[in-house]
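Asker: upload25.csv is the file, holding CSV, C-alpha atoms:
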```csv
chain,number,residue,atom,x,y,z
Q,14,MET,CA,38.8,75.4,78.9
Q,15,LYS,CA,39.5,78.1,76.2
Q,16,LEU,CA,41.8,77.5,73.2
Q,17,ILE,CA,43.6,80.7,72.2
Q,18,ALA,CA,45.5,80.7,68.9
Q,19,PHE,CA,48.4,83.1,68.2
Q,20,LEU,CA,47.7,85.2,65.1
Q,21,LEU,CA,50.5,86.9,63.0
Q,22,PRO,CA,49.4,90.1,61.3
Q,23,GLN,CA,52.3,90.2,58.7
Q,24,PHE,CA,50.1,89.4,55.8
Q,25,HIS,CA,49.9,92.9,54.4
Q,26,ARG,CA,52.5,95.3,53.0
Q,27,ILE,CA,54.2,98.0,55.1
Q,28,PRO,CA,56.8,100.5,54.0
Q,29,GLU,CA,59.4,99.1,56.3
Q,30,ASN,CA,59.2,95.6,54.9
Q,31,ASP,CA,59.2,97.0,51.4
Q,32,CYS,CA,62.5,98.7,52.3
Q,33,TRP,CA,64.1,95.8,54.1
Q,34,TRP,CA,63.0,92.8,52.0
Q,35,GLY,CA,61.8,94.2,48.7
Q,36,GLU,CA,58.7,95.8,47.3
Q,37,GLY,CA,55.5,93.9,48.1
Q,38,PHE,CA,56.9,91.8,50.8
Q,39,THR,CA,54.5,90.0,53.2
Q,40,GLU,CA,54.7,86.7,55.0
Q,41,TRP,CA,53.4,85.0,51.9
Q,42,THR,CA,56.7,86.1,50.1
Q,43,ASN,CA,58.8,83.7,52.1
Q,44,THR,CA,56.1,81.0,52.1
Q,45,ARG,CA,55.8,81.0,48.3
Q,46,LYS,CA,59.5,80.8,47.5
Q,47,SER,CA,60.3,77.9,49.9
Q,48,ARG,CA,61.5,74.6,48.4
Q,49,PRO,CA,61.9,71.1,49.9
Q,50,LEU,CA,65.3,70.4,51.4
Q,51,TYR,CA,65.0,66.6,51.6
Q,52,ARG,CA,62.8,63.7,50.6
Q,53,GLY,CA,59.4,64.0,52.3
Q,54,HIS,CA,59.9,67.7,53.2
Q,55,MET,CA,56.6,69.3,52.4
Q,56,GLN,CA,57.4,72.7,51.0
Q,57,PRO,CA,56.1,75.1,49.9
Q,58,LYS,CA,53.1,75.3,52.2
Q,59,GLU,CA,50.2,76.4,50.0
Q,60,PRO,CA,46.9,77.7,51.3
Q,61,LEU,CA,43.8,75.9,50.1
Q,62,ASP,CA,42.4,77.3,46.9
Q,63,ASP,CA,45.4,79.7,46.7
Q,64,TYR,CA,43.8,82.0,49.2
Q,65,TYR,CA,46.8,84.3,49.8
Q,66,TYR,CA,44.8,86.8,51.8
Q,67,ASP,CA,45.6,90.3,52.8
Q,68,LEU,CA,44.7,91.1,56.4
Q,69,THR,CA,43.7,94.6,55.6
Q,70,ASP,CA,40.7,93.0,53.9
Q,71,ARG,CA,37.8,92.8,56.4
Q,72,GLU,CA,36.4,89.7,54.7
Q,73,ALA,CA,39.7,87.9,55.3
Q,74,ARG,CA,39.6,88.8,59.0
Q,75,GLN,CA,36.0,87.7,59.3
Q,76,TRP,CA,36.8,84.4,57.5
Q,77,GLN,CA,39.5,83.7,60.0
Q,78,ALA,CA,37.2,84.3,63.0
Q,79,ASP,CA,34.3,82.4,61.6
Q,80,LEU,CA,36.6,79.5,60.7
Q,81,ALA,CA,38.2,79.5,64.1
Q,82,ARG,CA,34.9,79.6,65.9
Q,83,ALA,CA,33.4,76.8,63.9
Q,84,TYR,CA,36.2,74.4,64.9
Q,85,GLY,CA,36.3,75.3,68.6
Q,86,ILE,CA,39.0,78.1,68.9
Q,87,TYR,CA,37.8,80.5,71.6
Q,88,GLY,CA,39.9,83.5,70.6
Q,89,PHE,CA,42.9,85.0,68.9
Q,90,CYS,CA,46.1,86.4,70.5
Q,91,TYR,CA,47.3,89.1,68.1
Q,92,TYR,CA,50.9,90.0,68.1
Q,93,HIS,CA,51.5,93.6,69.0
Q,94,TYR,CA,54.6,95.4,67.8
Q,95,TRP,CA,55.7,98.5,69.8
Q,96,PHE,CA,59.1,100.2,69.6
Q,97,LYS,CA,59.1,103.2,71.9
Q,98,GLY,CA,56.2,104.9,70.2
Q,99,LYS,CA,56.7,103.3,66.8
Q,100,ARG,CA,54.2,100.6,65.8
Q,101,LEU,CA,54.6,98.0,63.0
Q,102,LEU,CA,52.0,95.7,61.4
Q,103,GLU,CA,49.3,97.6,63.4
Q,104,LYS,CA,46.7,98.2,60.6
Q,105,PRO,CA,44.7,94.9,60.7
Q,106,PHE,CA,44.2,95.1,64.5
Q,107,ASN,CA,43.4,98.8,64.4
Q,108,GLN,CA,40.7,98.0,61.9
Q,109,VAL,CA,39.4,95.2,64.2
Q,110,LEU,CA,39.0,97.9,66.9
Q,111,ARG,CA,37.6,100.6,64.7
Q,112,LEU,CA,35.0,98.5,62.9
Q,113,GLY,CA,34.0,96.4,65.9
Q,114,GLU,CA,34.4,93.2,63.8
Q,115,PRO,CA,34.9,90.4,63.8
Q,116,HIS,CA,33.0,89.9,67.0
Q,117,PHE,CA,35.4,87.3,68.3
Q,118,PRO,CA,37.4,87.3,71.5
Q,119,PHE,CA,41.0,88.5,71.4
Q,120,CYS,CA,44.0,89.5,73.5
Q,121,LEU,CA,47.4,90.9,72.7
Q,122,SER,CA,51.0,89.6,73.0
Q,123,TRP,CA,53.7,92.3,72.9
Q,124,ALA,CA,56.3,90.8,70.7
Q,125,ASN,CA,59.0,93.0,72.2
Q,126,GLU,CA,62.0,91.7,70.3
Q,127,ALA,CA,64.1,93.8,68.0
Q,128,TRP,CA,63.6,92.9,64.4
Q,129,THR,CA,66.6,91.4,62.7
Q,130,ARG,CA,67.6,90.2,59.3
Q,131,LYS,CA,68.0,86.6,60.8
Q,132,TRP,CA,64.4,86.6,62.2
Q,133,ASP,CA,65.9,85.7,65.7
Q,134,GLY,CA,65.2,88.7,67.9
Q,135,GLY,CA,69.0,88.9,68.5
Q,136,ASN,CA,71.4,91.8,68.7
Q,137,GLN,CA,73.0,91.5,65.3
Q,138,HIS,CA,71.8,92.6,61.8
Q,139,ILE,CA,69.1,94.7,63.5
Q,140,LEU,CA,66.5,96.2,61.3
Q,141,GLN,CA,64.2,97.8,64.0
Q,142,PRO,CA,65.8,98.3,67.4
Q,143,GLN,CA,63.9,98.0,70.6
Q,144,ASP,CA,64.1,100.7,73.4
Q,145,TYR,CA,61.9,100.6,76.4
Q,146,GLY,CA,62.4,104.2,77.6
Q,147,THR,CA,61.1,105.6,80.9
Q,148,GLU,CA,57.8,106.4,82.5
Q,149,HIS,CA,56.8,108.9,79.8
Q,150,ASP,CA,57.2,106.1,77.2
Q,151,TRP,CA,55.4,103.6,79.3
Q,152,GLU,CA,52.5,106.0,79.6
Q,153,HIS,CA,52.4,106.6,75.9
Q,154,HIS,CA,52.3,102.8,75.3
Q,155,PHE,CA,49.6,102.2,77.9
Q,156,TYR,CA,47.3,104.8,76.4
Q,157,ASP,CA,47.9,103.4,72.9
Q,158,LEU,CA,46.5,100.1,74.3
Q,159,LEU,CA,43.7,101.4,76.4
Q,160,GLU,CA,41.0,101.3,73.7
Q,161,ALA,CA,41.8,97.6,73.1
Q,162,PHE,CA,41.8,96.9,76.9
Q,163,LYS,CA,38.3,98.4,77.2
Q,164,ASP,CA,36.8,96.6,74.2
Q,165,GLU,CA,34.1,94.2,75.2
Q,166,ARG,CA,35.7,91.4,73.1
Q,167,TYR,CA,39.0,91.6,75.0
Q,168,ILE,CA,39.7,88.4,77.0
Q,169,ARG,CA,39.8,89.0,80.7
Q,170,VAL,CA,40.8,87.2,83.9
Q,171,ASN,CA,38.9,88.4,87.0
Q,172,GLY,CA,37.9,91.5,85.1
Q,173,LYS,CA,41.5,92.3,84.0
Q,174,PRO,CA,42.6,92.3,80.3
Q,175,LEU,CA,45.0,89.5,79.6
Q,176,PHE,CA,48.3,90.9,78.2
Q,177,LEU,CA,51.3,88.8,77.2
Q,178,ILE,CA,54.9,89.9,77.0
Q,179,TYR,CA,57.0,87.8,74.8
Q,180,ARG,CA,60.5,88.6,76.2
Q,181,PRO,CA,60.1,90.2,79.6
Q,182,GLY,CA,63.8,89.5,80.4
Q,183,ASN,CA,64.7,92.1,77.8
Q,184,ILE,CA,62.9,94.9,79.7
Q,185,PRO,CA,65.4,96.6,82.2
Q,186,ARG,CA,62.8,98.0,84.6
Q,187,CYS,CA,60.1,95.5,84.0
Q,188,GLU,CA,58.7,95.3,87.5
Q,189,GLU,CA,58.5,99.1,87.7
Q,190,MET,CA,56.7,99.3,84.4
Q,191,LEU,CA,54.1,96.7,85.3
Q,192,LYS,CA,53.3,98.5,88.6
Q,193,PHE,CA,53.1,101.8,86.6
Q,194,TRP,CA,50.7,100.3,84.1
Q,195,ASN,CA,48.5,98.8,86.9
Q,196,ARG,CA,48.2,102.3,88.4
Q,197,LEU,CA,47.2,103.8,85.1
Q,198,ALA,CA,44.7,100.9,84.6
Q,199,ALA,CA,43.1,101.7,88.0
Q,200,GLY,CA,42.9,105.3,87.1
Q,201,ASN,CA,41.2,104.5,83.8
Q,202,GLY,CA,38.4,102.3,85.1
Q,203,LEU,CA,40.1,98.9,84.8
Q,204,GLU,CA,40.5,96.3,87.5
Q,205,GLY,CA,44.1,96.1,86.6
Q,206,ILE,CA,46.0,94.2,83.9
Q,207,HIS,CA,46.5,90.4,84.0
Q,208,PHE,CA,50.2,90.3,83.0
Q,209,VAL,CA,51.5,87.0,81.5
Q,210,ARG,CA,55.2,86.3,80.8
Q,211,THR,CA,56.1,84.0,77.9
Q,212,LEU,CA,58.2,81.0,78.6
Q,213,GLY,CA,60.0,80.5,75.3
Q,214,GLY,CA,63.4,79.8,73.8
Q,215,PHE,CA,65.3,82.3,75.9
Q,216,PRO,CA,66.4,82.7,79.5
Q,217,VAL,CA,63.5,83.7,81.9
Q,218,PRO,CA,64.8,85.7,84.9
Q,219,GLN,CA,62.9,85.9,88.1
Q,220,GLN,CA,60.6,89.0,87.8
Q,221,LYS,CA,57.8,90.1,90.0
Q,222,GLY,CA,54.6,91.6,88.8
Q,223,PHE,CA,53.3,88.8,86.5
Q,224,ASP,CA,50.1,87.0,87.3
Q,225,ALA,CA,50.8,83.9,85.1
Q,226,SER,CA,53.2,82.4,82.6
Q,227,VAL,CA,52.5,80.7,79.3
Q,228,GLU,CA,54.5,77.9,77.9
Q,229,PHE,CA,55.2,78.9,74.3
Q,230,GLU,CA,55.7,75.7,72.3
Q,231,PRO,CA,57.7,74.3,70.7
Q,232,HIS,CA,60.3,77.0,71.7
Q,233,TYR,CA,60.0,76.3,75.4
Q,234,THR,CA,60.8,72.6,74.9
Q,235,PHE,CA,63.6,73.3,72.3
Q,236,ALA,CA,65.4,75.5,74.9
Q,237,HIS,CA,64.7,73.7,78.1
Q,238,HIS,CA,64.6,70.0,77.2
Q,239,HIS,CA,68.1,68.5,77.1
Q,240,SER,CA,67.5,65.1,75.5
Q,241,GLU,CA,69.6,64.7,72.3
Q,242,ASN,CA,67.0,62.3,70.9
Q,243,LEU,CA,65.0,65.2,69.7
Q,244,TRP,CA,67.6,66.4,67.2
Q,245,ASN,CA,69.3,65.1,64.2
Q,246,TYR,CA,70.9,66.4,61.0
Q,247,ILE,CA,70.1,65.7,57.4
Q,248,THR,CA,72.7,66.5,54.6
Q,249,THR,CA,71.1,68.7,52.0
Q,250,ALA,CA,72.6,69.8,48.7
Q,251,ARG,CA,74.3,72.8,50.3
Q,252,SER,CA,74.8,72.0,54.0
Q,253,GLN,CA,73.6,70.2,57.1
Q,254,HIS,CA,70.0,70.9,58.1
Q,255,LEU,CA,68.7,70.4,61.7
Q,256,ILE,CA,65.5,68.2,62.0
Q,257,VAL,CA,63.4,67.7,65.1
Q,258,ASP,CA,61.3,64.7,66.0
Q,259,TYR,CA,57.7,65.8,66.3
Q,260,ASP,CA,56.7,62.9,68.6
Q,261,GLY,CA,59.7,63.5,70.8
Q,262,VAL,CA,58.9,67.2,71.3
Q,263,TRP,CA,55.3,66.4,72.1
Q,264,GLN,CA,56.3,63.7,74.6
Q,265,SER,CA,58.5,66.2,76.3
Q,266,VAL,CA,55.7,68.7,76.5
Q,267,LEU,CA,53.3,66.1,77.9
Q,268,GLY,CA,55.8,64.8,80.4
Q,269,ARG,CA,56.6,68.2,81.9
Q,270,SER,CA,55.5,69.2,85.4
Q,271,PRO,CA,54.6,72.8,85.6
Q,272,HIS,CA,56.9,74.8,87.9
Q,273,ARG,CA,54.5,77.3,89.3
Q,274,GLY,CA,56.4,78.9,92.2
Q,275,GLY,CA,53.0,80.1,93.3
Q,276,GLU,CA,51.9,81.5,89.9
Q,277,MET,CA,49.4,80.2,87.3
Q,278,VAL,CA,51.0,78.5,84.3
Q,279,TYR,CA,49.0,78.4,81.0
Q,280,PRO,CA,50.1,75.3,79.0
Q,281,GLY,CA,50.9,75.5,75.3
Q,282,ALA,CA,50.4,73.4,72.2
Q,283,PHE,CA,52.0,73.6,68.7
Q,284,VAL,CA,50.7,72.4,65.3
Q,285,ASN,CA,54.0,71.8,63.6
Q,286,TRP,CA,57.3,73.6,63.2
Q,287,ASP,CA,59.3,74.4,60.0
Q,288,ASN,CA,60.9,77.8,59.6
Q,289,THR,CA,62.9,76.9,56.5
Q,290,PRO,CA,60.8,79.4,54.4
Q,291,ARG,CA,62.6,82.1,56.3
Q,292,LEU,CA,66.0,80.5,56.9
Q,293,ALA,CA,66.3,77.6,54.4
Q,294,GLU,CA,69.0,75.1,55.5
Q,295,LYS,CA,69.8,77.2,58.6
Q,296,GLY,CA,66.3,76.7,59.9
Q,297,GLN,CA,64.8,73.7,61.7
Q,298,SER,CA,61.9,71.4,60.6
Q,299,CYS,CA,59.9,68.8,62.4
Q,300,ILE,CA,59.6,65.3,61.0
Q,301,GLY,CA,56.7,63.0,61.7
Q,302,ALA,CA,53.9,65.5,62.1
Q,303,SER,CA,50.3,64.7,61.0
Q,304,PRO,CA,46.8,65.8,61.8
Q,305,ASP,CA,46.0,62.5,63.6
Q,306,LYS,CA,49.1,62.9,65.8
Q,307,PHE,CA,48.2,66.5,66.5
Q,308,ARG,CA,44.6,65.5,67.5
Q,309,HIS,CA,46.0,62.8,69.9
Q,310,TYR,CA,48.6,65.1,71.6
Q,311,LEU,CA,46.2,68.1,71.8
Q,312,SER,CA,43.6,65.9,73.4
Q,313,LEU,CA,46.1,64.8,76.0
Q,314,GLN,CA,47.3,68.3,76.6
Q,315,LEU,CA,43.7,69.5,77.1
Q,316,ARG,CA,43.3,66.9,79.8
Q,317,ARG,CA,46.5,68.0,81.5
Q,318,ALA,CA,45.5,71.6,81.3
Q,319,ALA,CA,42.4,70.9,83.3
Q,320,SER,CA,43.8,68.3,85.8
Q,321,VAL,CA,47.5,69.2,86.2
Q,322,TYR,CA,47.7,72.9,85.4
Q,323,GLN,CA,44.1,73.7,86.5
Q,324,SER,CA,44.2,76.3,83.7
Q,325,GLU,CA,41.4,78.2,82.1
Q,326,PHE,CA,43.4,78.7,78.9
Q,327,LEU,CA,45.5,76.6,76.4
Q,328,PHE,CA,47.6,78.6,73.9
Q,329,ILE,CA,48.2,77.1,70.4
Q,330,ASN,CA,51.1,78.1,68.2
Q,331,ALA,CA,49.6,79.1,65.9
Q,332,TRP,CA,46.7,80.1,63.7
Q,333,ASN,CA,48.6,81.4,60.7
Q,334,GLU,CA,52.4,81.2,61.1
Q,335,TRP,CA,52.8,79.9,57.6
Q,336,ALA,CA,56.6,80.6,57.3
Q,337,GLU,CA,57.2,78.7,60.5
Q,338,GLY,CA,55.0,75.7,59.6
Q,339,ALA,CA,52.7,76.4,62.6
Q,340,TYR,CA,49.2,77.0,61.2
Q,341,LEU,CA,45.7,75.7,61.6
Q,342,GLU,CA,44.3,77.4,58.5
Q,343,PRO,CA,43.4,75.0,55.6
Q,344,ASP,CA,46.2,74.2,53.1
Q,345,ARG,CA,46.3,72.4,49.8
Q,346,HIS,CA,47.7,69.2,51.2
Q,347,TYR,CA,45.7,68.5,54.4
Q,348,ARG,CA,42.7,70.8,53.7
Q,349,TYR,CA,40.8,71.1,57.0
Q,350,ARG,CA,42.3,68.1,58.8
Q,351,TYR,CA,44.2,70.1,61.4
Q,352,LEU,CA,41.1,72.1,62.2
Q,353,GLU,CA,39.1,68.9,62.4
Q,354,ALA,CA,41.8,67.6,64.8
Q,355,VAL,CA,41.1,70.6,67.1
Q,356,LYS,CA,37.3,69.9,67.0
Q,357,GLN,CA,37.9,66.2,67.7
Q,358,ALA,CA,40.3,66.8,70.5
Q,359,LEU,CA,37.7,69.1,72.1
Q,360,GLU,CA,35.0,66.5,71.6
Q,361,GLU,CA,37.1,63.8,73.2
Q,362,ASN,CA,37.3,66.0,76.3
Q,363,GLY,CA,33.6,66.9,76.3
Q,364,LEU,CA,34.4,70.5,75.4
Q,365,TYR,CA,33.3,71.1,71.8
Q,366,SER,CA,29.6,71.1,72.5
Q,367,LEU,CA,30.0,73.7,75.3
Q,368,GLN,CA,32.4,75.9,73.4
Q,369,ALA,CA,31.6,75.9,69.7
Q,370,ALA,CA,28.7,73.8,68.5
Q,371,SER,CA,26.1,76.4,69.4
Q,372,ARG,CA,27.9,79.0,67.2
Q,373,ALA,CA,29.2,76.8,64.4
Q,374,ASP,CA,26.0,76.8,62.5
Q,375,LYS,CA,25.9,80.6,62.5
Q,376,ALA,CA,29.2,80.9,60.5
Q,377,GLU,CA,28.7,82.1,57.0
Q,378,ALA,CA,31.0,81.6,54.1
Q,379,PRO,CA,32.9,84.8,52.9
Q,380,HIS,CA,31.5,86.6,49.9
Q,381,SER,CA,34.9,86.5,48.1
Q,382,ALA,CA,35.1,83.8,45.5
Q,383,LYS,CA,38.7,83.3,46.6
Q,384,CYS,CA,37.7,82.2,50.0
Q,385,PRO,CA,37.2,78.4,50.3
Q,386,ALA,CA,33.9,77.0,51.6
Q,387,TYR,CA,35.1,75.8,55.0
Q,388,ILE,CA,32.4,74.7,57.4
Q,389,GLU,CA,33.0,71.0,56.9
Q,390,ALA,CA,33.0,70.2,60.6
Q,391,THR,CA,29.3,71.2,60.8
```
Go ahead and render the structure in this file as structure tokens.
Answerer:
Amino acid sequence: MKLIAFLLPQFHRIPENDCWWGEGFTEWTNTRKSRPLYRGHMQPKEPLDDYYYDLTDREARQWQADLARAYGIYGFCYYHYWFKGKRLLEKPFNQVLRLGEPHFPFCLSWANEAWTRKWDGGNQHILQPQDYGTEHDWEHHFYDLLEAFKDERYIRVNGKPLFLIYRPGNIPRCEEMLKFWNRLAAGNGLEGIHFVRTLGGFPVPQQKGFDASVEFEPHYTFAHHHSENLWNYITTARSQHLIVDYDGVWQSVLGRSPHRGGEMVYPGAFVNWDNTPRLAEKGQSCIGASPDKFRHYLSLQLRRAASVYQSEFLFINAWNEWAEGAYLEPDRHYRYRYLEAVKQALEENGLYSLQAASRADKAEAPHSAKCPAYIEAT
């Protein structure tokens, strides 16, 4: 069983964000300005020791990998942003490839939504449109990815690089594109590509060409669980705010039977959810989350991943989605307790010693004084 955590690269400046959101914008901008909307609402989320890292700093990336490895995370799934030849937020991952470090397994998820001012991937208030083009554009995209696919650190299934697509339903000629890429892969010395479609908070049409699906939580449950018991409203100073029951979401996740239809389904897990740093009252926030609950639910999901899903992977949302409240990195309030919860859940399933213990003692603290000393689990 391999835990893979989604990793957001938007912790460095790019010209487009400077233009759209103001000079110096990064994901930390929204995180820092957030304020509590109701009693018990833990905002702002603050990293431990004020470590507001920049992911163009190699020490920050090494710190992330060492920390993840020490607590049992197998690898990262970096978000990949491609818009018909235009890339965004590519610099951190490009440096991972160019420098060959950190030496830590990874795969990619093509976050193929349009960028909007509402952070919803919709078709209004569009900042960066998405256009999938034709075979010429598909070929350009494939060759942009080829170096990553051939990297020894890339996570593979039966020799094929594992590649997620966030919203395959948005791609008009998706099946043709996947076949085209597999032909290119074969022509470039690869066994093929292990394509994985994301099951999230949007319609998922029947599409051929995918080898597996991944349940992206909590979005998949938000969109496809119909119990009204999950939701409620709190009156804030300015409007009604939607709150979500943490335990209810997890119980729905754990009670779901995977609908394979002959395909492999990779189960998901989520740390927490609170996107009010981006959307204020118009966002949603979970109530009732805690590291102890996360440990309990993750342990059960690990058990189900092996017995019900018979899956090699479990995907966690997320490593560092600070503006969505979904992060494992240490913060000022809980310190390392969510990371310790991961380690404990693995230990309860007899997995930590196989996956992480042999490597945890090799992790070294970063040289930067701003980086917290973090190997508490060892």
Asker: Have a look at CA of Tyr66 (chain Q) and CA of Phe24 (chain Q) and let me know their distance in Å, one decimal.
Answerer: 7.1 Å
Asker: Identify, on the basis of only C-alpha atoms, every residue whose closest approach to region 53-62 of chain Q does not exceed 12 Å; exclude the query and any residue fewer than 4 positions from it along the same chain; express the result as a compact mmCIF listing (two decimals) with C-alpha atoms, in the frame of the given file.
Answerer:
```
# COMPACT_ATOMS: atom_id res chain seq x y z
CA GLU Q 40 54.70 86.70 55.00
CA TRP Q 41 53.40 85.00 51.90
CA THR Q 42 56.70 86.10 50.10
CA ASN Q 43 58.80 83.70 52.10
CA THR Q 44 56.10 81.00 52.10
CA ARG Q 45 55.80 81.00 48.30
CA LYS Q 46 59.50 80.80 47.50
CA SER Q 47 60.30 77.90 49.90
CA ARG Q 48 61.50 74.60 48.40
CA PRO Q 49 61.90 71.10 49.90
CA TYR Q 66 44.80 86.80 51.80
CA ILE Q 247 70.10 65.70 57.40
CA THR Q 249 71.10 68.70 52.00
CA HIS Q 254 70.00 70.90 58.10
CA ILE Q 256 65.50 68.20 62.00
CA ASN Q 285 54.00 71.80 63.60
CA TRP Q 286 57.30 73.60 63.20
CA ASP Q 287 59.30 74.40 60.00
CA ASN Q 288 60.90 77.80 59.60
CA THR Q 289 62.90 76.90 56.50
CA PRO Q 290 60.80 79.40 54.40
CA ARG Q 291 62.60 82.10 56.30
CA ALA Q 293 66.30 77.60 54.40
CA GLU Q 294 69.00 75.10 55.50
CA GLN Q 297 64.80 73.70 61.70
CA SER Q 298 61.90 71.40 60.60
CA CYS Q 299 59.90 68.80 62.40
CA ILE Q 300 59.60 65.30 61.00
CA GLY Q 301 56.70 63.00 61.70
CA ALA Q 302 53.90 65.50 62.10
CA SER Q 303 50.30 64.70 61.00
CA ASN Q 333 48.60 81.40 60.70
CA GLU Q 334 52.40 81.20 61.10
CA TRP Q 335 52.80 79.90 57.60
CA ALA Q 336 56.60 80.60 57.30
CA GLU Q 337 57.20 78.70 60.50
CA GLY Q 338 55.00 75.70 59.60
CA ALA Q 339 52.70 76.40 62.60
CA TYR Q 340 49.20 77.00 61.20
CA LEU Q 341 45.70 75.70 61.60
CA GLU Q 342 44.30 77.40 58.50
CA PRO Q 343 43.40 75.00 55.60
CA ASP Q 344 46.20 74.20 53.10
CA ARG Q 345 46.30 72.40 49.80
CA HIS Q 346 47.70 69.20 51.20
CA TYR Q 347 45.70 68.50 54.40
CA ARG Q 348 42.70 70.80 53.70
CA TYR Q 349 40.80 71.10 57.00
CA ARG Q 350 42.30 68.10 58.80
CA SER Q 381 34.90 86.50 48.10
CA ALA Q 382 35.10 83.80 45.50
CA LYS Q 383 38.70 83.30 46.60
CA CYS Q 384 37.70 82.20 50.00
CA PRO Q 385 37.20 78.40 50.30
CA ALA Q 386 33.90 77.00 51.60
CA TYR Q 387 35.10 75.80 55.00
```
Asker: Neighbouring residues of Lys173 (chain Q) were defined as those with any atom within 12 Å, considering all atoms listed in the file; residues of the same chain fewer than 5 positions away were excluded. Please report them as a list in words.
Answerer: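 The filter keeps Cys120, Phe162, Lys163, Asp164, Glu165, Tyr167, Ile168, Asn195, Ala198, Ala199, Gly202, Leu203, Glu204, Gly205, Ile206, His207, Phe208, Val209 and Asp224 of chain Q.
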Asker: Include C-alpha atoms and write out the residues we just selected as a PDB file, in the frame of the given file.
Answerer:
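Listing of out.pdb after writing:
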```
ATOM      1  CA  CYS Q 120      44.000  89.500  73.500  1.00  0.00           C
ATOM      2  CA  PHE Q 162      41.800  96.900  76.900  1.00  0.00           C
ATOM      3  CA  LYS Q 163      38.300  98.400  77.200  1.00  0.00           C
ATOM      4  CA  ASP Q 164      36.800  96.600  74.200  1.00  0.00           C
ATOM      5  CA  GLU Q 165      34.100  94.200  75.200  1.00  0.00           C
ATOM      6  CA  TYR Q 167      39.000  91.600  75.000  1.00  0.00           C
ATOM      7  CA  ILE Q 168      39.700  88.400  77.000  1.00  0.00           C
ATOM      8  CA  ASN Q 195      48.500  98.800  86.900  1.00  0.00           C
ATOM      9  CA  ALA Q 198      44.700 100.900  84.600  1.00  0.00           C
ATOM     10  CA  ALA Q 199      43.100 101.700  88.000  1.00  0.00           C
ATOM     11  CA  GLY Q 202      38.400 102.300  85.100  1.00  0.00           C
ATOM     12  CA  LEU Q 203      40.100  98.900  84.800  1.00  0.00           C
ATOM     13  CA  GLU Q 204      40.500  96.300  87.500  1.00  0.00           C
ATOM     14  CA  GLY Q 205      44.100  96.100  86.600  1.00  0.00           C
ATOM     15  CA  ILE Q 206      46.000  94.200  83.900  1.00  0.00           C
ATOM     16  CA  HIS Q 207      46.500  90.400  84.000  1.00  0.00           C
ATOM     17  CA  PHE Q 208      50.200  90.300  83.000  1.00  0.00           C
ATOM     18  CA  VAL Q 209      51.500  87.000  81.500  1.00  0.00           C
ATOM     19  CA  ASP Q 224      50.100  87.000  87.300  1.00  0.00           C
TER      20      ASP Q 224
END
```
Asker: May I have the residues at most 6 Å from (63.1, 91.0, 72.4) in the file's coordinates, counting only C-alpha atoms, as JSON, numbers by chain?
Answerer: {"Q": [125, 126, 127, 134, 180, 183]}
Asker: To one decimal place in Å, what is the distance between CA of Leu327 (chain Q) and CA of Leu16 (chain Q)?
Answerer: 5.0 Å
Asker: Using Å and a single decimal, report how far CA of Pro105 (chain Q) sits from CA of Trp332 (chain Q).
Answerer: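 The value is 15.2 Å.
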Asker: Compare Q:Thr211, Q:Gln108, Q:Gln143, Q:Gln314 by their minimum atom-to-atom distance to Gln75 (chain Q), counting all atoms listed in the file, and give me the closest one.
Answerer: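 Closest residue, counting all atoms listed in the file: Q:Gln108.
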Asker: What's around Tyr156 (chain Q) at 12 Å? Count only C-alpha atoms, leave out sequence neighbours fewer than 6 positions away in its own chain, and write the answer as a ChimeraX atom specification.
Answerer: /Q:98,149-150,162-163,194,197-198,200-201
Asker: Calculated over all atoms listed in the file, which of the candidates Q:Phe117, Q:Phe235, Q:Phe96, Q:Trp33 has the smallest distance to Trp76 (chain Q)?
Answerer: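 Checking each candidate against Trp76 (chain Q), we get Q:Phe117 as the closest.
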Asker: Which residues are near Lys356 (chain Q)? Cut-off 7 Å, only C-alpha atoms, ignore same chain within fewer than 6 positions. Put them as an mmCIF file with C-alpha atoms, in the frame of the given file.
Answerer:
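So part_9.cif came out as:
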```cif
data_model
loop_
_atom_site.group_PDB
_atom_site.id
_atom_site.type_symbol
_atom_site.label_atom_id
_atom_site.label_comp_id
_atom_site.auth_asym_id
_atom_site.auth_seq_id
_atom_site.Cartn_x
_atom_site.Cartn_y
_atom_site.Cartn_z
ATOM 1 C CA TYR Q 84 36.200 74.400 64.900
ATOM 2 C CA GLY Q 85 36.300 75.300 68.600
ATOM 3 C CA TYR Q 365 33.300 71.100 71.800
#
```
Asker: Can you work out which one of Q:Ala18, Q:Thr129, Q:Gln141, Q:Asp31 has the shortest atom-to-atom distance to Tyr92 (chain Q), counting all atoms listed in the file?
Answerer: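 Counting all atoms listed in the file, the residue closest to Tyr92 (chain Q) is Q:Ala18.
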Asker: Please determine, counting only C-alpha atoms, which residue among Q:Glu188, Q:Glu103, Q:Glu230, Q:Glu72 has the shortest atom-to-atom distance to Leu121 (chain Q).
Answerer: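 Nearest to Leu121 (chain Q): Q:Glu103.
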Asker: Name all residues at most 10 Å from Gln357 (chain Q) (count all atoms listed in the file; drop same-chain ones fewer than 3 positions away) and give them as a ChimeraX atom specification.
Answerer: /Q:84-85,305,308-309,311-312,351-354,360-365,390
Asker: Of the candidates Q:Gln220, Q:Gln253, Q:Thr147, Q:Thr39, which shows the shortest atom-to-atom distance to Tyr65 (chain Q), using all atoms listed in the file?
Answerer: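 Closest candidate: Q:Thr39.
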Asker: Of the residues Q:Leu21, Q:Met190, Q:Leu255, Q:Ile184, which is the one nearest to Phe106 (chain Q), using all atoms listed in the file?
Answerer: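 Among the listed residues, the smallest separation from Phe106 (chain Q) belongs to Q:Leu21.
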